[in-house]
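Heads up: the structure comes next, in structure tokens.
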Amino acid sequence: MIDTSRVGLTLGPLDHKVTWRDVILYHLGIGARATDLHFVWEGAKDGLKVCPSYAVIPAFQPFFRVLKELKIDLRTVLHGEEAIRLHGPIPSEGILKTTVKVAGIYDKKKAALVVLETETTDEAGTALFDTRASLFCRGLGGWGGDPGPKAESVPVPRDRVPDFEISQKTTEEQAAIYRLSGDVNPLHIDPETARAAGFPKPILHGLCTFGFATRAILEGACGGDVNRLKAFQVRFADVVFPGDVITTRGWKLEDGRYAIEAATERAVVLSHALAVVED
Ligand SMILES: CCCCCCC[C@@H](O)CC(=O)SCCNC(=O)CCNC(=O)[C@H](O)C(C)(C)COP(=O)(O)OP(=O)(O)OC[C@H]1O[C@@H](n2cnc3c(N)ncnc32)[C@H](O)[C@@H]1OP(=O)(O)O
């Protein structure tokens, strides 16, 4: 049984070294094209930009350490939800310092939902971004514990066409490239591990889909400016396979936020999704 007394456990700050090569590899992993020079060329005219979804990357090593501390078998884990909040641009070179905290462990009966929060600063201690992730740990629930708060519902105005709709094709190699940025979970590369987890073949990382959707929001709602996206939160509602087309739709709400939804040909894959964009 999962040890709920570990709520509050905090690790770090742990160092994450970032170089232009890491940033470009990450961008290729989330589908950037050779023509997206600001994402794939360190010599780009206005400099290499960092996609805001990179905020999830320094969290990987801290997360894997926490899973080990909590004795959670990675094979039970599906990524359930993710949220990022940006305080400023992410640098493409330097040391980032990340602290991770176990913010909650909830009983979803069929699963335990483990909520992890991170805070990342630069070396001088300036806050750069925060993240919040929930991990759906199948088979670890059912101890009669707190089911946790209900997910925030997002009002998607389906009575009107979205303000933007962008379709992006993932490649068969998408997970093989994306994993080089830090999430080396075999679920995304090894057919045997995928079958044991109940999938016909390896599935795409949730955070790879998150990166594709972030690129779509930058294009559809931010005029391509990485600094305008201030926050983005999603629920991973269904699986994506490498090779799928991901269509991301965004509706501008009255309060200026965007309701977001992403879908493949089969299903909605990102639900309960909101983006905060600065005008
Ligand atoms: C930064 C470092 C990150 C490290 C990550 C390392 C791991 C990664 O490598 C792993 C991955 O990337 S996995 C790929 C991405 N994730 C997915 O593809 C999951 C897709 N979602 C599903 O399959 C289902 O929603 C599923 C299976 C998740 C849930 O579906 P159901 O079993 O049908 O659940 P349901 O009966 O509808 O609901 C039961 C309770 O759970 C809540 N819930 C449902 N979906 C959730 C989700 N996605 N996230 C969080 N909570 C979720 C429901 O609200 C319900 O709770 P309650 O009864 O309290 O309302």
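Residues are named by chain letter and number: chains run A, B, ... in the order of the structure tokens, numbers start at 1 in each chain, and ligands are numbered from 1 in the order shown.
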
Skip stretch 3-17 of chain A itself and residues of its chain fewer than 3 positions away, then list as a compact mmCIF listing (two decimals) with C-alpha atoms, in the first residue's frame all residues within 10 Å of it, counting only C-alpha atoms.
```
# COMPACT_ATOMS: atom_id res chain seq x y z
CA ASP A 22 19.08 20.20 -24.76
CA ILE A 57 11.81 18.94 -18.04
CA PRO A 58 13.82 19.84 -14.91
CA ALA A 59 11.12 18.01 -12.90
CA PHE A 60 11.93 14.55 -14.29
CA GLN A 61 14.89 13.61 -12.11
CA PRO A 62 13.22 14.97 -8.93
CA PHE A 63 10.01 13.09 -9.84
CA ARG A 65 13.53 10.25 -7.04
CA VAL A 66 10.20 10.83 -5.32
CA GLU A 69 11.16 7.25 -2.12
CA LEU A 70 7.45 6.36 -2.20
CA LYS A 71 8.29 2.86 -3.54
CA ILE A 72 5.94 3.37 -6.50
CA SER A 92 18.52 28.33 -22.93
CA GLU A 93 21.79 28.02 -20.98
CA GLY A 94 22.60 27.65 -17.30
CA ILE A 95 21.79 25.80 -14.12
CA LEU A 96 18.17 25.56 -13.01
CA LYS A 97 17.33 24.60 -9.42
CA THR A 98 14.19 22.57 -8.78
CA THR A 99 12.49 21.68 -5.51
CA VAL A 100 9.78 19.00 -5.56
CA LYS A 101 7.09 18.40 -2.95
CA VAL A 102 4.55 15.59 -2.54
CA ALA A 103 1.45 17.81 -2.36
CA GLY A 104 -1.17 15.07 -2.01
CA ILE A 105 -1.92 11.36 -2.27
CA TYR A 106 -5.55 10.61 -3.06
CA ASP A 107 -7.59 7.43 -3.21
CA ALA A 112 -3.79 6.28 -6.19
CA VAL A 114 -0.07 11.28 -6.42
CA VAL A 115 0.22 15.04 -6.79
CA LEU A 116 3.70 16.54 -7.10
CA GLU A 117 4.55 20.23 -7.17
CA THR A 118 7.83 21.78 -8.26
CA GLU A 119 9.35 25.24 -8.03
CA THR A 120 12.31 26.17 -10.23
CA THR A 121 14.67 29.12 -9.95
CA ASP A 122 17.82 30.18 -11.73
CA GLU A 123 21.16 30.03 -9.91
CA GLY A 145 -8.73 7.40 1.79
```

### Task
May I have the residues within 12 Å of stretch 248-259 of chain A as a PyMOL selection string, using only C-alpha atoms and disregarding those fewer than 6 positions away in the same chain?
chain A and resi 153-169+209-222+228-234+265+268-279

Would you put the residues from that selection into a file with N, CA and C atoms, as a short mmCIF file (atom, residue, chain, number, x, y, z; two decimals), in the first residue's frame?
```cif
data_model
loop_
_atom_site.label_atom_id
_atom_site.label_comp_id
_atom_site.auth_asym_id
_atom_site.auth_seq_id
_atom_site.Cartn_x
_atom_site.Cartn_y
_atom_site.Cartn_z
N SER A 153 -13.80 22.26 -13.61
CA SER A 153 -14.41 22.09 -14.93
C SER A 153 -14.10 23.32 -15.78
N VAL A 154 -13.91 23.09 -17.07
CA VAL A 154 -13.54 24.18 -17.98
C VAL A 154 -14.69 24.39 -18.97
N PRO A 155 -15.26 25.60 -19.01
CA PRO A 155 -16.40 25.84 -19.90
C PRO A 155 -15.96 25.98 -21.36
N VAL A 156 -16.06 24.88 -22.11
CA VAL A 156 -15.71 24.94 -23.54
C VAL A 156 -16.95 25.41 -24.30
N PRO A 157 -16.90 26.60 -24.95
CA PRO A 157 -18.09 27.13 -25.63
C PRO A 157 -18.33 26.44 -26.98
N ARG A 158 -18.91 25.24 -26.92
CA ARG A 158 -19.05 24.43 -28.14
C ARG A 158 -20.06 25.00 -29.12
N ASP A 159 -20.82 26.03 -28.68
CA ASP A 159 -21.81 26.63 -29.59
C ASP A 159 -21.14 27.53 -30.62
N ARG A 160 -19.82 27.77 -30.47
CA ARG A 160 -19.14 28.56 -31.51
C ARG A 160 -17.84 27.88 -31.95
N VAL A 161 -17.40 28.26 -33.16
CA VAL A 161 -16.19 27.63 -33.67
C VAL A 161 -15.00 28.13 -32.84
N PRO A 162 -13.97 27.32 -32.70
CA PRO A 162 -12.83 27.76 -31.90
C PRO A 162 -12.12 28.95 -32.54
N ASP A 163 -11.41 29.73 -31.70
CA ASP A 163 -10.64 30.87 -32.21
C ASP A 163 -9.40 30.39 -32.96
N PHE A 164 -8.93 29.20 -32.62
CA PHE A 164 -7.90 28.60 -33.47
C PHE A 164 -8.04 27.08 -33.43
N GLU A 165 -7.59 26.47 -34.50
CA GLU A 165 -7.60 25.00 -34.60
C GLU A 165 -6.37 24.61 -35.41
N ILE A 166 -5.48 23.86 -34.79
CA ILE A 166 -4.21 23.53 -35.46
C ILE A 166 -3.97 22.03 -35.37
N SER A 167 -3.75 21.40 -36.53
CA SER A 167 -3.48 19.96 -36.55
C SER A 167 -1.99 19.74 -36.79
N GLN A 168 -1.42 18.84 -36.01
CA GLN A 168 0.01 18.53 -36.13
C GLN A 168 0.16 17.02 -36.19
N LYS A 169 0.98 16.58 -37.15
CA LYS A 169 1.21 15.13 -37.28
C LYS A 169 2.42 14.76 -36.43
N THR A 209 2.67 15.21 -25.88
CA THR A 209 1.40 15.78 -26.35
C THR A 209 1.23 17.20 -25.80
N PHE A 210 1.56 17.37 -24.53
CA PHE A 210 1.49 18.69 -23.88
C PHE A 210 2.35 19.72 -24.63
N GLY A 211 3.52 19.28 -25.07
CA GLY A 211 4.42 20.15 -25.83
C GLY A 211 3.83 20.51 -27.20
N PHE A 212 3.24 19.51 -27.87
CA PHE A 212 2.59 19.79 -29.16
C PHE A 212 1.48 20.84 -28.97
N ALA A 213 0.67 20.64 -27.93
CA ALA A 213 -0.44 21.57 -27.69
C ALA A 213 0.10 22.97 -27.35
N THR A 214 1.20 23.01 -26.61
CA THR A 214 1.79 24.31 -26.27
C THR A 214 2.25 25.04 -27.53
N ARG A 215 2.88 24.29 -28.44
CA ARG A 215 3.30 24.92 -29.71
C ARG A 215 2.10 25.45 -30.47
N ALA A 216 0.99 24.69 -30.44
CA ALA A 216 -0.22 25.14 -31.15
C ALA A 216 -0.76 26.43 -30.51
N ILE A 217 -0.74 26.50 -29.18
CA ILE A 217 -1.23 27.72 -28.50
C ILE A 217 -0.35 28.92 -28.84
N LEU A 218 0.96 28.69 -28.88
CA LEU A 218 1.88 29.79 -29.23
C LEU A 218 1.53 30.33 -30.61
N GLU A 219 1.27 29.40 -31.54
CA GLU A 219 0.96 29.80 -32.92
C GLU A 219 -0.44 30.42 -33.01
N GLY A 220 -1.40 29.80 -32.33
CA GLY A 220 -2.80 30.22 -32.50
C GLY A 220 -3.22 31.39 -31.64
N ALA A 221 -2.55 31.60 -30.48
CA ALA A 221 -3.04 32.62 -29.55
C ALA A 221 -1.97 33.61 -29.10
N CYS A 222 -0.70 33.32 -29.38
CA CYS A 222 0.37 34.18 -28.84
C CYS A 222 1.19 34.85 -29.94
N ARG A 228 4.41 35.23 -24.08
CA ARG A 228 3.01 35.58 -23.81
C ARG A 228 2.23 34.47 -23.11
N LEU A 229 2.72 33.24 -23.19
CA LEU A 229 2.01 32.14 -22.51
C LEU A 229 2.44 32.11 -21.05
N LYS A 230 1.50 32.35 -20.15
CA LYS A 230 1.83 32.49 -18.72
C LYS A 230 1.48 31.23 -17.92
N ALA A 231 0.51 30.46 -18.39
CA ALA A 231 0.13 29.24 -17.66
C ALA A 231 -0.63 28.31 -18.60
N PHE A 232 -0.53 27.02 -18.32
CA PHE A 232 -1.25 26.03 -19.13
C PHE A 232 -1.48 24.81 -18.25
N GLN A 233 -2.72 24.34 -18.22
CA GLN A 233 -3.04 23.14 -17.42
C GLN A 233 -3.90 22.19 -18.24
N VAL A 234 -3.69 20.89 -18.05
CA VAL A 234 -4.43 19.89 -18.82
C VAL A 234 -4.71 18.65 -17.97
N GLU A 265 -7.68 11.37 -34.00
CA GLU A 265 -8.81 10.89 -34.79
C GLU A 265 -9.74 10.03 -33.92
N VAL A 268 -10.73 12.59 -27.55
CA VAL A 268 -10.17 13.77 -26.90
C VAL A 268 -9.03 13.28 -26.01
N VAL A 269 -7.86 13.90 -26.14
CA VAL A 269 -6.69 13.44 -25.38
C VAL A 269 -6.26 14.44 -24.32
N LEU A 270 -6.57 15.73 -24.52
CA LEU A 270 -6.34 16.74 -23.47
C LEU A 270 -7.68 17.38 -23.17
N SER A 271 -8.15 17.21 -21.92
CA SER A 271 -9.41 17.82 -21.50
C SER A 271 -9.11 18.72 -20.30
N HIS A 272 -10.17 19.36 -19.74
CA HIS A 272 -10.02 20.23 -18.56
C HIS A 272 -8.82 21.17 -18.76
N ALA A 273 -8.68 21.71 -19.96
CA ALA A 273 -7.44 22.42 -20.30
C ALA A 273 -7.69 23.93 -20.43
N LEU A 274 -6.79 24.70 -19.82
CA LEU A 274 -6.89 26.16 -19.82
C LEU A 274 -5.51 26.75 -20.08
N ALA A 275 -5.49 27.82 -20.87
CA ALA A 275 -4.22 28.53 -21.09
C ALA A 275 -4.41 30.00 -20.72
N VAL A 276 -3.42 30.56 -20.06
CA VAL A 276 -3.43 31.99 -19.74
C VAL A 276 -2.43 32.66 -20.66
N VAL A 277 -2.96 33.60 -21.46
CA VAL A 277 -2.13 34.28 -22.47
C VAL A 277 -2.15 35.77 -22.16
N GLU A 278 -0.95 36.37 -22.15
CA GLU A 278 -0.86 37.81 -21.90
C GLU A 278 -1.11 38.55 -23.21
N ASP A 279 -1.91 39.62 -23.14
CA ASP A 279 -2.23 40.38 -24.38
C ASP A 279 -1.01 41.12 -24.91
#
```

### Task
Please provide the set of residues having any atom within 12 Å of A:Arg266, restricted to only C-alpha atoms, with same-chain residues fewer than 2 positions apart removed, written as a list in words.
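Contacts, with the query itself left out: Ala237, Asp238, Val239, Val240, Phe241, Asp244, Val245, Ile246, Thr247, Ala262, Ala263, Thr264, Val268 and Val269 of chain A.
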
Could you take the residues named above and write them with N, CA and C atoms, as a PDB file, in the first residue's frame?
```
ATOM      1  N   ALA A 237      -6.626  12.790 -21.035  1.00  0.00           N
ATOM      2  CA  ALA A 237      -7.905  12.076 -21.016  1.00  0.00           C
ATOM      3  C   ALA A 237      -7.846  10.749 -21.746  1.00  0.00           C
ATOM      4  N   ASP A 238      -6.913  10.600 -22.671  1.00  0.00           N
ATOM      5  CA  ASP A 238      -6.795   9.330 -23.406  1.00  0.00           C
ATOM      6  C   ASP A 238      -5.394   9.244 -24.009  1.00  0.00           C
ATOM      7  N   VAL A 239      -5.052   8.048 -24.467  1.00  0.00           N
ATOM      8  CA  VAL A 239      -3.686   7.857 -24.946  1.00  0.00           C
ATOM      9  C   VAL A 239      -3.509   8.338 -26.393  1.00  0.00           C
ATOM     10  N   VAL A 240      -2.268   8.709 -26.683  1.00  0.00           N
ATOM     11  CA  VAL A 240      -1.852   9.091 -28.045  1.00  0.00           C
ATOM     12  C   VAL A 240      -0.769   8.095 -28.447  1.00  0.00           C
ATOM     13  N   PHE A 241      -0.788   7.671 -29.718  1.00  0.00           N
ATOM     14  CA  PHE A 241       0.272   6.794 -30.221  1.00  0.00           C
ATOM     15  C   PHE A 241       1.159   7.584 -31.178  1.00  0.00           C
ATOM     16  N   ASP A 244       0.080   9.511 -34.584  1.00  0.00           N
ATOM     17  CA  ASP A 244      -1.239  10.154 -34.559  1.00  0.00           C
ATOM     18  C   ASP A 244      -1.148  11.625 -34.978  1.00  0.00           C
ATOM     19  N   VAL A 245      -2.274  12.135 -35.474  1.00  0.00           N
ATOM     20  CA  VAL A 245      -2.413  13.582 -35.685  1.00  0.00           C
ATOM     21  C   VAL A 245      -3.090  14.164 -34.439  1.00  0.00           C
ATOM     22  N   ILE A 246      -2.492  15.223 -33.891  1.00  0.00           N
ATOM     23  CA  ILE A 246      -3.084  15.893 -32.714  1.00  0.00           C
ATOM     24  C   ILE A 246      -3.671  17.216 -33.183  1.00  0.00           C
ATOM     25  N   THR A 247      -4.974  17.386 -32.959  1.00  0.00           N
ATOM     26  CA  THR A 247      -5.616  18.654 -33.319  1.00  0.00           C
ATOM     27  C   THR A 247      -5.927  19.425 -32.037  1.00  0.00           C
ATOM     28  N   ALA A 262      -7.585  19.076 -27.008  1.00  0.00           N
ATOM     29  CA  ALA A 262      -6.794  18.433 -28.068  1.00  0.00           C
ATOM     30  C   ALA A 262      -7.342  17.036 -28.281  1.00  0.00           C
ATOM     31  N   ALA A 263      -7.352  16.626 -29.548  1.00  0.00           N
ATOM     32  CA  ALA A 263      -7.937  15.320 -29.882  1.00  0.00           C
ATOM     33  C   ALA A 263      -7.140  14.663 -30.997  1.00  0.00           C
ATOM     34  N   THR A 264      -7.168  13.329 -30.991  1.00  0.00           N
ATOM     35  CA  THR A 264      -6.673  12.579 -32.150  1.00  0.00           C
ATOM     36  C   THR A 264      -7.901  12.184 -32.974  1.00  0.00           C
ATOM     37  N   VAL A 268     -10.729  12.585 -27.555  1.00  0.00           N
ATOM     38  CA  VAL A 268     -10.166  13.774 -26.898  1.00  0.00           C
ATOM     39  C   VAL A 268      -9.031  13.285 -26.012  1.00  0.00           C
ATOM     40  N   VAL A 269      -7.860  13.899 -26.142  1.00  0.00           N
ATOM     41  CA  VAL A 269      -6.689  13.436 -25.378  1.00  0.00           C
ATOM     42  C   VAL A 269      -6.261  14.445 -24.316  1.00  0.00           C
TER      43      VAL A 269
END
```

### Task
Tell me, as a list in words, which residues lie within 9 Å of A:Glu42, counting only C-alpha atoms; anything in the same chain fewer than 5 positions away does not count.
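Final neighbour list, sorted by chain and number: Trp20, Arg21, Ile24, Leu37, Gly47, Leu48 and Lys49 of chain A.
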
Can you pull out every residue from stretch 82-264 of chain A that DSSP, working from the backbone, puts in helix (DSSP H, G or I), and format the result as a PDB file with C-alpha atoms, in the first residue's frame?
```
ATOM      1  CA  GLN A 174       8.213  10.944 -31.820  1.00  0.00           C
ATOM      2  CA  ALA A 175       8.501   9.084 -28.513  1.00  0.00           C
ATOM      3  CA  ALA A 176      11.957   7.773 -29.448  1.00  0.00           C
ATOM      4  CA  ILE A 177      13.149  11.383 -29.803  1.00  0.00           C
ATOM      5  CA  TYR A 178      11.154  12.889 -26.939  1.00  0.00           C
ATOM      6  CA  ARG A 179      12.476  10.374 -24.384  1.00  0.00           C
ATOM      7  CA  LEU A 180      16.004  11.754 -24.847  1.00  0.00           C
ATOM      8  CA  SER A 181      14.879  14.888 -22.974  1.00  0.00           C
ATOM      9  CA  PRO A 186      10.089   2.036 -21.269  1.00  0.00           C
ATOM     10  CA  LEU A 187       6.295   2.315 -21.723  1.00  0.00           C
ATOM     11  CA  HIS A 188       7.063   4.709 -24.575  1.00  0.00           C
ATOM     12  CA  PRO A 191       6.495  -3.082 -27.069  1.00  0.00           C
ATOM     13  CA  GLU A 192       6.631  -5.709 -24.298  1.00  0.00           C
ATOM     14  CA  THR A 193       6.321  -3.120 -21.508  1.00  0.00           C
ATOM     15  CA  ALA A 194       3.461  -1.462 -23.392  1.00  0.00           C
ATOM     16  CA  ARG A 195       1.607  -4.789 -23.790  1.00  0.00           C
ATOM     17  CA  ALA A 196       2.088  -5.584 -20.088  1.00  0.00           C
ATOM     18  CA  GLY A 206       1.727  12.749 -22.025  1.00  0.00           C
ATOM     19  CA  LEU A 207       4.194  15.605 -21.820  1.00  0.00           C
ATOM     20  CA  CYS A 208       5.079  15.210 -25.495  1.00  0.00           C
ATOM     21  CA  THR A 209       1.402  15.782 -26.355  1.00  0.00           C
ATOM     22  CA  PHE A 210       1.486  18.695 -23.877  1.00  0.00           C
ATOM     23  CA  GLY A 211       4.415  20.154 -25.835  1.00  0.00           C
ATOM     24  CA  PHE A 212       2.587  19.792 -29.162  1.00  0.00           C
ATOM     25  CA  ALA A 213      -0.444  21.575 -27.690  1.00  0.00           C
ATOM     26  CA  THR A 214       1.793  24.315 -26.272  1.00  0.00           C
ATOM     27  CA  ARG A 215       3.302  24.915 -29.711  1.00  0.00           C
ATOM     28  CA  ALA A 216      -0.221  25.138 -31.148  1.00  0.00           C
ATOM     29  CA  ILE A 217      -1.232  27.715 -28.497  1.00  0.00           C
ATOM     30  CA  LEU A 218       1.879  29.794 -29.225  1.00  0.00           C
ATOM     31  CA  GLU A 219       0.961  29.801 -32.917  1.00  0.00           C
ATOM     32  CA  GLY A 220      -2.802  30.218 -32.501  1.00  0.00           C
ATOM     33  CA  ALA A 221      -3.040  32.618 -29.551  1.00  0.00           C
ATOM     34  CA  VAL A 226       6.968  32.395 -26.149  1.00  0.00           C
ATOM     35  CA  ASN A 227       6.773  35.095 -23.458  1.00  0.00           C
ATOM     36  CA  ARG A 228       3.009  35.578 -23.806  1.00  0.00           C
TER      37      ARG A 228
END
```
